[in-house]
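Okay, protein32.cif is below, mmCIF, C-alpha atoms and all ligand atoms:
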data_target
loop_
_atom_site.label_atom_id
_atom_site.label_comp_id
_atom_site.auth_asym_id
_atom_site.auth_seq_id
_atom_site.Cartn_x
_atom_site.Cartn_y
_atom_site.Cartn_z
CA MET M 1 3.74 -79.90 3.38
CA ILE M 2 6.95 -78.39 2.08
CA TYR M 3 6.06 -75.89 -0.62
CA LEU M 4 9.05 -75.01 -2.76
CA ASP M 5 7.30 -73.72 -5.87
CA ASN M 6 7.04 -70.04 -4.97
CA ALA M 7 8.18 -68.86 -8.41
CA ALA M 8 5.00 -70.45 -9.81
CA THR M 9 2.79 -68.85 -7.20
CA THR M 10 2.85 -68.08 -3.48
CA LYS M 11 0.49 -68.78 -0.63
CA PRO M 12 -1.62 -65.63 -0.10
CA CYS M 13 -0.67 -63.88 3.14
CA GLU M 14 -3.30 -63.16 5.81
CA GLN M 15 -2.91 -59.41 5.26
CA ALA M 16 -3.85 -59.76 1.57
CA ILE M 17 -6.84 -62.01 2.31
CA LYS M 18 -8.08 -59.67 5.05
CA ALA M 19 -7.68 -56.56 2.89
CA ALA M 20 -9.70 -58.18 0.07
CA ALA M 21 -12.47 -59.28 2.45
CA ASP M 22 -12.59 -55.96 4.34
CA THR M 23 -12.72 -53.99 1.10
CA ALA M 24 -15.47 -56.19 -0.36
CA ARG M 25 -17.52 -55.61 2.81
CA ASN M 26 -16.81 -51.98 3.49
CA CYS M 27 -15.47 -50.24 0.41
CA PHE M 28 -17.25 -51.69 -2.59
CA GLY M 29 -18.11 -48.45 -4.43
CA ASN M 30 -17.31 -48.00 -8.11
CA VAL M 31 -14.20 -45.81 -8.45
CA SER M 32 -16.03 -43.83 -11.17
CA SER M 33 -19.07 -43.01 -9.00
CA LEU M 34 -19.34 -39.37 -7.99
CA HIS M 35 -20.77 -40.06 -4.53
CA LYS M 36 -18.72 -40.68 -1.42
CA LEU M 37 -18.55 -44.48 -1.86
CA GLY M 38 -16.86 -43.92 -5.19
CA ILE M 39 -14.50 -41.38 -3.69
CA GLU M 40 -13.54 -43.82 -0.91
CA SER M 41 -12.72 -46.49 -3.51
CA GLU M 42 -10.72 -43.99 -5.52
CA LYS M 43 -8.74 -43.06 -2.39
CA LEU M 44 -8.01 -46.72 -1.77
CA MET M 45 -6.77 -47.16 -5.33
CA ASN M 46 -4.59 -44.06 -5.11
CA SER M 47 -3.10 -45.31 -1.85
CA ALA M 48 -2.28 -48.67 -3.48
CA SER M 49 -0.67 -46.90 -6.46
CA LYS M 50 1.48 -44.87 -4.08
CA THR M 51 2.56 -47.97 -2.15
CA LEU M 52 3.56 -49.74 -5.38
CA LEU M 53 5.46 -46.70 -6.65
CA ASN M 54 7.27 -46.43 -3.31
CA ARG M 55 8.27 -50.07 -3.38
CA LEU M 56 9.52 -49.65 -6.95
CA SER M 57 11.26 -46.37 -5.97
CA CYS M 58 9.82 -44.91 -9.18
CA LYS M 59 7.82 -41.84 -10.17
CA GLY M 60 5.04 -42.22 -12.75
CA THR M 61 1.73 -44.02 -13.10
CA ILE M 62 0.47 -47.43 -12.02
CA TYR M 63 -2.09 -49.15 -14.26
CA PHE M 64 -3.79 -52.07 -12.55
CA THR M 65 -4.25 -55.14 -14.74
CA SER M 66 -5.41 -58.74 -14.35
CA GLY M 67 -1.81 -59.91 -13.91
CA ALA M 68 1.56 -59.77 -15.55
CA THR M 69 0.49 -61.64 -18.67
CA GLU M 70 -1.78 -58.71 -19.44
CA SER M 71 0.82 -56.14 -18.30
CA ASN M 72 3.43 -57.63 -20.63
CA ASN M 73 1.03 -57.67 -23.57
CA LEU M 74 -0.12 -54.14 -22.83
CA ALA M 75 3.45 -52.85 -22.67
CA ILE M 76 4.79 -54.66 -25.74
CA ARG M 77 1.86 -54.46 -28.12
CA GLY M 78 0.92 -51.04 -26.77
CA VAL M 79 4.39 -49.57 -27.41
CA ALA M 80 4.66 -51.26 -30.82
CA ASP M 81 1.42 -49.63 -31.86
CA ALA M 82 2.18 -46.21 -30.39
CA TYR M 83 5.72 -45.93 -31.83
CA LYS M 84 5.42 -47.89 -35.10
CA ARG M 85 5.98 -44.81 -37.23
CA ARG M 86 9.31 -44.20 -35.54
CA GLY M 87 10.84 -47.63 -36.29
CA ASN M 88 10.09 -51.33 -36.46
CA ARG M 89 12.93 -53.03 -34.59
CA ILE M 90 12.37 -54.59 -31.16
CA VAL M 91 15.15 -56.16 -29.11
CA THR M 92 14.27 -58.88 -26.60
CA THR M 93 15.78 -62.07 -25.22
CA ALA M 94 15.40 -65.80 -25.84
CA MET M 95 14.71 -66.45 -22.13
CA GLU M 96 11.44 -64.51 -21.84
CA HIS M 97 8.22 -65.77 -20.31
CA PRO M 98 5.63 -66.91 -22.92
CA SER M 99 3.55 -63.78 -22.22
CA VAL M 100 6.42 -61.77 -23.73
CA ALA M 101 7.67 -64.36 -26.23
CA ARG M 102 4.26 -65.01 -27.81
CA ALA M 103 3.47 -61.28 -27.97
CA MET M 104 6.77 -60.87 -29.86
CA ASP M 105 5.83 -63.70 -32.24
CA ALA M 106 2.55 -61.93 -32.99
CA LEU M 107 4.36 -58.64 -33.72
CA GLU M 108 6.84 -60.46 -35.97
CA LYS M 109 3.91 -61.72 -38.05
CA GLN M 110 2.77 -58.11 -38.39
CA GLY M 111 6.14 -57.15 -39.87
CA PHE M 112 8.18 -55.98 -36.87
CA GLU M 113 11.82 -57.06 -36.77
CA ILE M 114 12.28 -59.00 -33.53
CA VAL M 115 15.82 -59.61 -32.28
CA ARG M 116 16.00 -62.37 -29.63
CA LEU M 117 19.28 -62.50 -27.74
CA SER M 118 20.51 -65.50 -25.73
CA PRO M 119 22.22 -65.10 -22.36
CA LYS M 120 24.63 -67.93 -23.33
CA ASP M 121 26.22 -65.58 -25.89
CA ALA M 122 27.16 -62.97 -23.29
CA ILE M 123 26.47 -64.40 -19.83
CA ASP M 124 28.97 -62.07 -18.10
CA ASN M 125 27.70 -58.82 -19.58
CA PHE M 126 24.26 -59.46 -21.00
CA GLU M 127 23.17 -55.85 -20.42
CA GLN M 128 25.92 -54.55 -22.74
CA TYR M 129 25.13 -57.22 -25.34
CA ILE M 130 21.49 -56.11 -25.40
CA ALA M 131 22.45 -52.43 -25.71
CA ASP M 132 24.90 -53.26 -28.52
CA ASN M 133 21.91 -54.46 -30.54
CA VAL M 134 19.98 -51.23 -30.14
CA THR M 135 19.92 -49.22 -33.39
CA LYS M 136 18.38 -45.88 -34.33
CA ASP M 137 15.15 -47.59 -35.42
CA THR M 138 14.82 -49.72 -32.26
CA ILE M 139 11.59 -48.63 -30.62
CA LEU M 140 11.57 -51.09 -27.73
CA VAL M 141 13.82 -53.25 -25.56
CA SER M 142 11.97 -55.84 -23.50
CA CYS M 143 13.87 -57.94 -21.00
CA MET M 144 12.97 -59.78 -17.79
CA ALA M 145 14.70 -58.75 -14.55
CA VAL M 146 14.88 -62.26 -13.08
CA ASN M 147 14.37 -65.46 -15.03
CA ASN M 148 11.56 -67.57 -13.64
CA GLU M 149 13.18 -70.90 -14.49
CA ASN M 150 16.67 -70.44 -13.08
CA GLY M 151 16.80 -67.09 -11.22
CA PHE M 152 19.31 -65.45 -13.60
CA LYS M 153 19.42 -61.74 -12.79
CA VAL M 154 19.71 -58.83 -15.21
CA ASP M 155 20.95 -55.52 -13.76
CA THR M 156 18.05 -53.39 -14.97
CA GLU M 157 19.63 -50.10 -13.83
CA LYS M 158 22.69 -50.86 -15.94
CA LEU M 159 20.56 -52.06 -18.85
CA TYR M 160 18.46 -48.89 -18.73
CA ARG M 161 21.53 -46.66 -18.74
CA LEU M 162 23.23 -48.54 -21.59
CA VAL M 163 20.11 -48.71 -23.78
CA LYS M 164 19.41 -45.00 -23.31
CA SER M 165 22.98 -44.10 -24.23
CA ALA M 166 22.64 -46.22 -27.39
CA ASN M 167 19.29 -44.61 -28.28
CA ASN M 168 17.57 -42.24 -25.90
CA ASP M 169 14.23 -42.75 -27.70
CA THR M 170 14.12 -46.53 -27.20
CA VAL M 171 11.48 -47.52 -24.64
CA VAL M 172 12.72 -50.01 -22.02
CA HIS M 173 10.19 -52.57 -20.77
CA ILE M 174 11.06 -54.83 -17.85
CA ASP M 175 9.14 -57.97 -16.96
CA GLY M 176 9.68 -57.49 -13.25
CA VAL M 177 7.46 -60.33 -12.03
CA GLN M 178 10.16 -62.42 -10.36
CA GLY M 179 12.21 -59.41 -9.28
CA PHE M 180 9.55 -57.23 -7.65
CA CYS M 181 10.21 -56.79 -3.91
CA LYS M 182 13.48 -58.71 -4.34
CA VAL M 183 15.77 -56.67 -6.57
CA LYS M 184 15.92 -53.05 -7.74
CA LEU M 185 13.90 -52.60 -10.94
CA MET M 186 14.36 -49.84 -13.48
CA GLY M 187 12.53 -49.27 -16.75
CA ASP M 188 10.11 -47.01 -18.61
CA LEU M 189 7.51 -49.76 -18.23
CA ILE M 190 7.61 -52.47 -15.56
CA SER M 191 5.24 -55.45 -15.27
CA ILE M 192 4.48 -56.89 -11.84
CA SER M 193 2.04 -59.43 -10.39
CA ALA M 194 0.57 -59.84 -6.90
CA HIS M 195 0.42 -63.63 -6.70
CA LYS M 196 4.21 -63.94 -6.78
CA ILE M 197 4.54 -61.93 -3.55
CA HIS M 198 1.81 -63.60 -1.45
CA GLY M 199 -1.01 -61.53 -2.95
CA LEU M 200 -4.06 -62.92 -4.73
CA LYS M 201 -4.24 -64.13 -8.32
CA GLY M 202 -5.93 -61.97 -10.93
CA ILE M 203 -4.29 -58.65 -10.09
CA GLY M 204 -1.10 -57.15 -11.46
CA ALA M 205 0.15 -53.80 -12.61
CA LEU M 206 2.04 -52.01 -15.32
CA TYR M 207 4.22 -49.17 -14.09
CA CYS M 208 4.68 -46.40 -16.68
CA ALA M 209 7.17 -43.54 -16.46
CA ASP M 210 6.08 -40.02 -17.39
CA LYS M 211 6.11 -39.18 -21.11
CA ILE M 212 6.06 -42.83 -22.22
CA ARG M 213 3.16 -43.68 -24.53
CA PHE M 214 1.40 -46.94 -25.26
CA SER M 215 -1.91 -47.85 -26.93
CA PRO M 216 -4.65 -49.73 -25.06
CA LEU M 217 -5.44 -53.36 -25.83
CA VAL M 218 -9.15 -52.99 -25.09
CA TYR M 219 -11.64 -50.15 -25.31
CA GLY M 220 -14.24 -49.26 -22.72
CA GLY M 221 -15.49 -46.73 -20.23
CA GLY M 222 -12.40 -44.56 -19.93
CA GLN M 223 -11.05 -45.87 -16.62
CA GLN M 224 -7.31 -45.65 -15.92
CA LYS M 225 -6.80 -42.84 -18.44
CA ASN M 226 -8.48 -44.92 -21.17
CA LEU M 227 -5.39 -47.15 -21.30
CA ARG M 228 -6.82 -50.00 -19.26
CA PRO M 229 -10.59 -49.48 -19.09
CA GLY M 230 -12.95 -51.61 -17.01
CA THR M 231 -14.29 -51.18 -13.47
CA GLU M 232 -11.31 -51.30 -11.14
CA PRO M 233 -11.28 -54.34 -8.81
CA VAL M 234 -10.75 -52.42 -5.58
CA GLU M 235 -10.80 -55.58 -3.44
CA LEU M 236 -7.88 -57.06 -5.38
CA ILE M 237 -6.10 -53.72 -5.55
CA ALA M 238 -6.31 -53.36 -1.75
CA SER M 239 -5.01 -56.89 -1.31
CA PHE M 240 -2.09 -56.16 -3.66
CA GLU M 241 -1.17 -53.15 -1.53
CA ALA M 242 -1.38 -55.25 1.65
CA ALA M 243 0.88 -57.94 0.15
CA VAL M 244 3.47 -55.35 -0.88
CA LYS M 245 3.45 -53.82 2.62
CA ALA M 246 3.80 -57.27 4.21
CA TYR M 247 6.69 -58.43 2.00
CA PRO M 248 9.92 -58.28 4.01
CA THR M 249 12.85 -56.10 2.97
CA ASP M 250 15.63 -58.15 4.59
CA LEU M 251 15.97 -61.16 2.31
CA SER M 252 19.20 -62.56 3.74
CA HIS M 253 17.32 -65.73 4.75
CA TYR M 254 17.16 -66.69 1.05
CA GLY M 255 20.96 -66.65 0.96
CA VAL M 256 21.13 -69.05 3.92
CA LEU M 257 18.69 -71.47 2.26
CA ASN M 258 20.42 -71.24 -1.12
CA ARG M 259 23.86 -71.97 0.36
CA ARG M 260 22.53 -74.97 2.28
CA LEU M 261 20.84 -76.49 -0.75
CA LYS M 262 23.91 -75.95 -2.95
CA GLU M 263 26.08 -77.53 -0.29
CA ARG M 264 23.82 -80.61 -0.06
CA LEU M 265 23.52 -80.94 -3.86
CA GLY M 266 27.28 -80.54 -4.21
CA ARG M 267 27.74 -83.79 -2.29
CA MET M 268 25.56 -85.75 -4.75
CA GLU M 269 27.07 -87.47 -7.75
CA ASP M 270 26.06 -86.16 -11.19
CA VAL M 271 23.92 -83.34 -9.85
CA TYR M 272 24.60 -79.98 -11.54
CA ILE M 273 23.54 -76.47 -10.66
CA ASN M 274 21.89 -74.75 -13.64
CA SER M 275 21.37 -71.33 -12.08
CA PRO M 276 24.16 -69.04 -13.27
CA ASP M 277 26.36 -67.48 -10.55
CA ASN M 278 24.51 -64.21 -11.02
CA SER M 279 21.11 -65.46 -9.84
CA VAL M 280 18.69 -64.50 -7.10
CA ASN M 281 18.94 -66.62 -3.97
CA ASN M 282 15.26 -67.59 -3.83
CA ILE M 283 15.32 -69.64 -7.05
CA LEU M 284 17.67 -72.58 -7.63
CA SER M 285 17.64 -74.77 -10.72
CA PHE M 286 19.63 -77.99 -10.87
CA SER M 287 19.73 -81.20 -12.88
CA VAL M 288 19.80 -84.70 -11.44
CA LEU M 289 21.36 -86.49 -14.39
CA GLY M 290 19.75 -89.83 -15.17
CA VAL M 291 16.41 -88.99 -13.50
CA ARG M 292 13.82 -87.23 -15.64
CA SER M 293 12.34 -84.09 -14.09
CA GLU M 294 8.78 -85.42 -13.86
CA ILE M 295 9.91 -88.63 -12.17
CA MET M 296 11.79 -86.71 -9.49
CA LEU M 297 8.98 -84.16 -9.11
CA HIS M 298 6.34 -86.84 -8.47
CA SER M 299 8.66 -88.80 -6.22
CA LEU M 300 9.11 -85.69 -4.07
CA GLU M 301 5.36 -85.09 -4.17
CA GLU M 302 4.82 -88.50 -2.58
CA HIS M 303 6.66 -87.05 0.42
CA ASP M 304 4.58 -83.84 0.36
CA ILE M 305 7.40 -81.79 -1.14
CA PHE M 306 6.35 -79.56 -4.03
CA VAL M 307 8.88 -78.35 -6.60
CA SER M 308 8.77 -77.58 -10.32
CA SER M 309 10.27 -79.27 -13.33
CA GLY M 310 11.15 -75.87 -14.80
CA SER M 311 8.47 -73.29 -15.34
CA ALA M 312 4.87 -74.03 -14.35
CA CYS M 313 3.83 -71.88 -17.29
CA SER M 314 5.55 -74.19 -19.76
CA LYS M 315 3.63 -77.27 -18.60
CA GLY M 316 3.59 -79.80 -21.43
CA LYS M 317 5.49 -77.47 -23.74
CA ILE M 318 9.18 -77.34 -24.42
CA SER M 319 10.68 -74.24 -22.86
CA SER M 320 13.28 -72.25 -24.82
CA VAL M 321 15.02 -71.21 -21.60
CA PRO M 322 17.44 -74.18 -21.17
CA ASP M 323 18.69 -73.73 -24.73
CA SER M 324 19.11 -69.98 -24.28
CA PHE M 325 21.49 -70.78 -21.42
CA GLY M 326 23.31 -73.47 -23.43
CA LEU M 327 22.07 -76.41 -21.38
CA SER M 328 22.61 -79.87 -22.92
CA ALA M 329 19.50 -81.98 -23.64
CA ASP M 330 20.15 -84.41 -20.78
CA ARG M 331 20.56 -81.52 -18.33
CA ALA M 332 17.34 -79.89 -19.62
CA ASP M 333 15.47 -83.20 -19.29
CA SER M 334 16.39 -83.62 -15.64
CA THR M 335 15.91 -80.05 -14.40
CA ILE M 336 14.33 -79.34 -11.04
CA ARG M 337 13.47 -75.79 -9.98
CA VAL M 338 13.18 -75.04 -6.29
CA SER M 339 11.88 -71.63 -5.22
CA PHE M 340 11.72 -70.52 -1.59
CA SER M 341 9.51 -68.28 0.48
CA MET M 342 10.59 -66.54 3.68
CA GLU M 343 8.77 -69.32 5.55
CA THR M 344 11.04 -72.01 4.09
CA THR M 345 13.33 -73.48 6.76
CA ILE M 346 16.73 -75.18 6.75
CA ASP M 347 14.91 -78.29 7.91
CA ASP M 348 12.75 -78.13 4.75
CA ILE M 349 15.93 -77.94 2.64
CA ASP M 350 17.43 -80.94 4.44
CA ARG M 351 14.26 -82.98 3.95
CA LEU M 352 14.25 -82.05 0.27
CA ALA M 353 17.90 -83.05 -0.11
CA ASP M 354 17.30 -86.36 1.71
CA GLU M 355 14.41 -87.19 -0.62
CA ILE M 356 16.43 -86.25 -3.71
CA GLU M 357 19.09 -88.69 -2.54
CA ASN M 358 16.42 -91.36 -2.06
CA GLY M 359 14.99 -90.56 -5.51
CA ILE M 360 18.42 -90.93 -7.10
CA ALA M 361 18.87 -94.33 -5.43
CA ARG M 362 15.46 -95.44 -6.70
CA PHE M 363 15.28 -94.01 -10.18
CA ARG M 364 18.68 -93.20 -11.61
CA ARG M 365 19.32 -94.93 -14.89
CA THR M 366 22.71 -96.62 -15.25
CA LYS M 367 25.60 -94.71 -16.70
CA SER M 368 25.51 -96.94 -19.80
CA ASN M 369 23.00 -94.41 -21.12
CA ASN M 370 25.03 -92.13 -23.33
CA ARG M 371 24.56 -89.07 -21.18
CA THR M 372 27.47 -86.70 -21.13
CA LYS M 373 28.97 -85.86 -17.79
CA LYS M 374 30.53 -82.71 -19.16
CA GLY M 375 27.71 -80.28 -19.82
CA ASN M 376 28.32 -76.61 -19.23
CA ASN M 377 28.56 -75.75 -15.63
CA ILE M 378 26.21 -72.78 -15.50
N1 LIG K 401 6.51 -63.14 -16.33
C1 LIG K 401 7.17 -63.98 -15.53
C2 LIG K 401 8.66 -63.89 -15.46
C3 LIG K 401 6.48 -64.92 -14.77
O1 LIG K 401 7.15 -65.76 -13.96
C4 LIG K 401 5.07 -64.97 -14.85
C5 LIG K 401 4.28 -65.99 -14.05
N2 LIG K 401 4.75 -67.30 -14.19
C6 LIG K 401 4.41 -64.07 -15.70
C7 LIG K 401 5.17 -63.17 -16.42
C8 LIG K 401 2.91 -64.06 -15.84
O2 LIG K 401 2.34 -63.53 -14.69
P1 LIG K 401 0.79 -63.74 -14.34
O3 LIG K 401 0.66 -65.13 -13.79
O4 LIG K 401 0.50 -62.69 -13.33
O5 LIG K 401 0.00 -63.54 -15.60
#
Once more with this new file: its structure as structure tokens, please.
Amino acid sequence: MIYLDNAATTKPCEQAIKAAADTARNCFGNVSSLHKLGIESEKLMNSASKTLLNRLSCKGTIYFTSGATESNNLAIRGVADAYKRRGNRIVTTAMEHPSVARAMDALEKQGFEIVRLSPKDAIDNFEQYIADNVTKDTILVSCMAVNNENGFKVDTEKLYRLVKSANNDTVVHIDGVQGFCKVKLMGDLISISAHKIHGLKGIGALYCADKIRFSPLVYGGGQQKNLRPGTEPVELIASFEAAVKAYPTDLSHYGVLNRRLKERLGRMEDVYINSPDNSVNNILSFSVLGVRSEIMLHSLEEHDIFVSSGSACSKGKISSVPDSFGLSADRADSTIRVSFSMETTIDDIDRLADEIENGIARFRRTKSNNRTKKGNNI
């Protein structure tokens, strides 16, 4: 099997599986219990928080959640509620994951002014473009660090600095899911998820800087400072810590894989790279004009090669991401997203490229279809 869908989810690493099993067997106390089993679980949770903060190079608080969908909702709806008396404008982007985009839609219905900016309007300096839209009544900026469909990277340190100089009171939330452990992340609130870094599904976190407020989404027994109540899943928390510790820091291998795939695709007729130049190396989006995404995806699957037709989260729904990058309809229709892990080999890339070539020979429609060859080369 050649698994090239790591932006959708990753194979759990042995360290994460072992940590979950060991904790379930040996450290199952309720963090809130006053006896020593509770204290042991609390220690484990504190250790995991510290590991996550270290990896983020941030000071503040970690709130464990069920995953980044919850973290994003908690950050966005929580900040909107906590700061609504200060202003009602929120600036975000048109390339966000549905867990951000749909939360924004819900706030819009409640009367918030939501500004959605497209990377295509300022691809070379998106951070400045976002900051230029921050006004005195902007309470929140929410932007992803790395786009899950094409790997486009936002410099979150630069964004943070520019937004704060436009309005020091604006809270900056970063959906850091695809960037965590891969790029430097900076924000007042940062959402992360374990299953994208070889951890288990069902555990994520929201990092919160000191002095930043947000309201809870649910009410309960007071755990996690009342902001995310519910008995803490220590098994999953321990496995998240183990996955973070196991994730490598030297990611140069991704560059090698990315260059090889681009080189192979570059030799194919009517195949276009969709990932902008400023993208992470572990995600590559391209379009095989004349072959619909699903056709190519299932053709590769027949050879035990697993890729995505865009975002796994947008299954069956039309994603707004291609349009926000100015992709033509025929390019959007024929998009393939490949996302690597550190276990991916050059041989895997060559087998993928060979099978794409075979797929093109089998399935490409003739050029009499009125597809445009032009397209924008992003
Ligand atoms: N944001 C981004 C950018 C993502 O890629 C994903 C997962 N596809 C999420 C949020 C949601 O994360 P989770 O699966 O942990 O809810």
Given all atoms listed in the file, how would the per-residue table for segment 220-335 of chain M near segment 20-38 of chain M read, listing every residue at most 12 Å away with its closest atom pair and distance in Å to one decimal, sorted by chain and number, as a Markdown table?
| residue | atom | partner | partner_atom | distance |
| --- | --- | --- | --- | --- |
| M:Gly221 | CA | M:Ser32 | CA | 9.5 |
| M:Gly222 | CA | M:Ser32 | CA | 9.5 |
| M:Gln223 | CA | M:Ser32 | CA | 7.7 |
| M:Gln224 | CA | M:Ser32 | CA | 10.1 |
| M:Lys225 | CA | M:Ser32 | CA | 11.8 |
| M:Pro229 | CA | M:Ser32 | CA | 11.1 |
| M:Gly230 | CA | M:Ser32 | CA | 10.2 |
| M:Thr231 | CA | M:Asn30 | CA | 6.9 |
| M:Glu232 | CA | M:Val31 | CA | 6.8 |
| M:Pro233 | CA | M:Asn30 | CA | 8.8 |
| M:Val234 | CA | M:Thr23 | CA | 7.1 |
| M:Glu235 | CA | M:Ala20 | CA | 4.5 |
| M:Leu236 | CA | M:Ala20 | CA | 5.9 |
| M:Ile237 | CA | M:Ala20 | CA | 8.0 |
| M:Ala238 | CA | M:Ala20 | CA | 6.2 |
| M:Ser239 | CA | M:Ala20 | CA | 5.1 |
| M:Phe240 | CA | M:Ala20 | CA | 8.7 |
| M:Glu241 | CA | M:Ala20 | CA | 10.0 |
| M:Ala242 | CA | M:Ala20 | CA | 9.0 |
| M:Ala243 | CA | M:Ala20 | CA | 10.6 |
Any residue with an atom at most 6 Å from ligand LIG 401 (chain K) counts, using all atoms listed in the file. Which are they? Put them as a ChimeraX atom specification.
/M:8,67-69,97,147-148,175,177-178,193,313
Just the number, please: distance in Å from atom CA of Pro276 of chain M to atom CA of Gln128 of chain M, one decimal.
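One can read the atom CA of Pro276 of chain M to atom CA of Gln128 of chain M distance as 17.4 Å.
The smallest atom-to-atom distance between Asn226 of chain M and any of M:Ala209, M:Arg292, M:Ile203, M:Phe214, using all atoms listed in the file, is found for M:Phe214.
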Env of Glu343 of chain M: 12 Å cut, atoms = all atoms listed in the file, seq-sep filter 4 positions within chain, self excluded. Answer as a list of chain:residue names.
M:Met1, M:Ile2, M:Tyr3, M:Leu4, M:Asn6, M:Thr10, M:Lys11, M:Cys13, M:His198, M:Tyr247, M:Pro248, M:Leu251, M:His253, M:Tyr254, M:Leu257, M:Asn282, M:Ser339, M:Asp347, M:Asp348, M:Ile349
Go ahead and dump the residues you just picked, C-alpha atoms, as a PDB file, in the frame of the given file.
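Output (out20.pdb):
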ATOM      1  CA  MET M   1       3.740 -79.900   3.380  1.00  0.00           C
ATOM      2  CA  ILE M   2       6.950 -78.390   2.080  1.00  0.00           C
ATOM      3  CA  TYR M   3       6.060 -75.890  -0.620  1.00  0.00           C
ATOM      4  CA  LEU M   4       9.050 -75.010  -2.760  1.00  0.00           C
ATOM      5  CA  ASN M   6       7.040 -70.040  -4.970  1.00  0.00           C
ATOM      6  CA  THR M  10       2.850 -68.080  -3.480  1.00  0.00           C
ATOM      7  CA  LYS M  11       0.490 -68.780  -0.630  1.00  0.00           C
ATOM      8  CA  CYS M  13      -0.670 -63.880   3.140  1.00  0.00           C
ATOM      9  CA  HIS M 198       1.810 -63.600  -1.450  1.00  0.00           C
ATOM     10  CA  TYR M 247       6.690 -58.430   2.000  1.00  0.00           C
ATOM     11  CA  PRO M 248       9.920 -58.280   4.010  1.00  0.00           C
ATOM     12  CA  LEU M 251      15.970 -61.160   2.310  1.00  0.00           C
ATOM     13  CA  HIS M 253      17.320 -65.730   4.750  1.00  0.00           C
ATOM     14  CA  TYR M 254      17.160 -66.690   1.050  1.00  0.00           C
ATOM     15  CA  LEU M 257      18.690 -71.470   2.260  1.00  0.00           C
ATOM     16  CA  ASN M 282      15.260 -67.590  -3.830  1.00  0.00           C
ATOM     17  CA  SER M 339      11.880 -71.630  -5.220  1.00  0.00           C
ATOM     18  CA  ASP M 347      14.910 -78.290   7.910  1.00  0.00           C
ATOM     19  CA  ASP M 348      12.750 -78.130   4.750  1.00  0.00           C
ATOM     20  CA  ILE M 349      15.930 -77.940   2.640  1.00  0.00           C
TER      21      ILE M 349
END
What gap, in Å, lies between atom CA of Phe152 of chain M and atom CA of Ile114 of chain M?
22.1 Å
Here is a test: counting all atoms listed in the file, which residue of M:Asn46, M:Ser71, M:Asn358, M:Ser324 is nearest to Ala205 of chain M?
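Looking at the shortest contact to Ala205 of chain M, the residue is M:Ser71.
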Could you list, as a ChimeraX atom specification, every residue within 12 Å of Ser320 of chain M, counting all atoms listed in the file and ignoring same-chain residues fewer than 2 positions away?
/M:93-98,101-102,116-119,147,149,310-311,314,317-318,322-327,329,332
Determine the nearest neighbour of Leu162 of chain M from the options M:Ala131, M:Ser191, M:Arg337, M:Cys143, counting all atoms listed in the file.
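Answer, going by the shortest atom-to-atom distance: M:Ala131.
The residue that comes closest to Cys208 of chain M, out of M:Glu113, M:Glu302, M:Glu40, M:Asp188 and on the basis of all atoms listed in the file, is M:Asp188.
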Between atom CA of Ala145 of chain M and atom CA of Gly176 of chain M, what distance in Å does the model show, to one decimal?
5.3 Å
Ranking M:Ile123, M:Ile283, M:Ile305, M:Ala16 by minimum distance to Val146 of chain M and counting all atoms listed in the file, which one comes first?
M:Ile283
Which of these residues is nearest to Ser293 of chain M, using all atoms listed in the file: M:Thr65, M:Thr335, M:Ser49, M:Ser319?
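Using all atoms listed in the file, the shortest distance to Ser293 of chain M belongs to M:Thr335.
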Shell around Ser99 of chain M at 8 Å using only C-alpha atoms, local window under 5 positions removed, as a ChimeraX atom specification:
/M:69-70,72-73
Can you list, as a PDB file with C-alpha atoms, in the coordinates of the input, every protein, DNA or RNA residue that comes within 9 Å of Ser142 of chain M when you count all atoms listed in the file, leaving out same-chain residues fewer than 5 positions away?
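Result file follows (selection-v3.pdb):
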ATOM      1  CA  ILE M  76       4.790 -54.660 -25.740  1.00  0.00           C
ATOM      2  CA  ILE M  90      12.370 -54.590 -31.160  1.00  0.00           C
ATOM      3  CA  VAL M  91      15.150 -56.160 -29.110  1.00  0.00           C
ATOM      4  CA  THR M  92      14.270 -58.880 -26.600  1.00  0.00           C
ATOM      5  CA  THR M  93      15.780 -62.070 -25.220  1.00  0.00           C
ATOM      6  CA  GLU M  96      11.440 -64.510 -21.840  1.00  0.00           C
ATOM      7  CA  VAL M 100       6.420 -61.770 -23.730  1.00  0.00           C
ATOM      8  CA  VAL M 171      11.480 -47.520 -24.640  1.00  0.00           C
ATOM      9  CA  VAL M 172      12.720 -50.010 -22.020  1.00  0.00           C
ATOM     10  CA  HIS M 173      10.190 -52.570 -20.770  1.00  0.00           C
ATOM     11  CA  ILE M 174      11.060 -54.830 -17.850  1.00  0.00           C
ATOM     12  CA  ASP M 175       9.140 -57.970 -16.960  1.00  0.00           C
TER      13      ASP M 175
END
Taking (19.5, -68.6, 3.5) in the file's own coordinates, collect the residues within 10 Å, counting all atoms listed in the file, and hand them back as a ChimeraX atom specification.
/M:251-261,281-282,340,342,344-346
Might you pull out every residue within 7 Å of Leu206 of chain M, with only C-alpha atoms counted and same-chain residues fewer than 6 positions away left off, and present them as a list in words?
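That gives Ile62, Tyr63, Phe64, Ser71, Leu189, Ile190, Ser191 and Ile192 of chain M.
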Take the residues from that selection and write them out as a PDB file, keeping the file's coordinate frame, keeping C-alpha atoms.
ATOM      1  CA  ILE M  62       0.470 -47.430 -12.020  1.00  0.00           C
ATOM      2  CA  TYR M  63      -2.090 -49.150 -14.260  1.00  0.00           C
ATOM      3  CA  PHE M  64      -3.790 -52.070 -12.550  1.00  0.00           C
ATOM      4  CA  SER M  71       0.820 -56.140 -18.300  1.00  0.00           C
ATOM      5  CA  LEU M 189       7.510 -49.760 -18.230  1.00  0.00           C
ATOM      6  CA  ILE M 190       7.610 -52.470 -15.560  1.00  0.00           C
ATOM      7  CA  SER M 191       5.240 -55.450 -15.270  1.00  0.00           C
ATOM      8  CA  ILE M 192       4.480 -56.890 -11.840  1.00  0.00           C
TER       9      ILE M 192
END
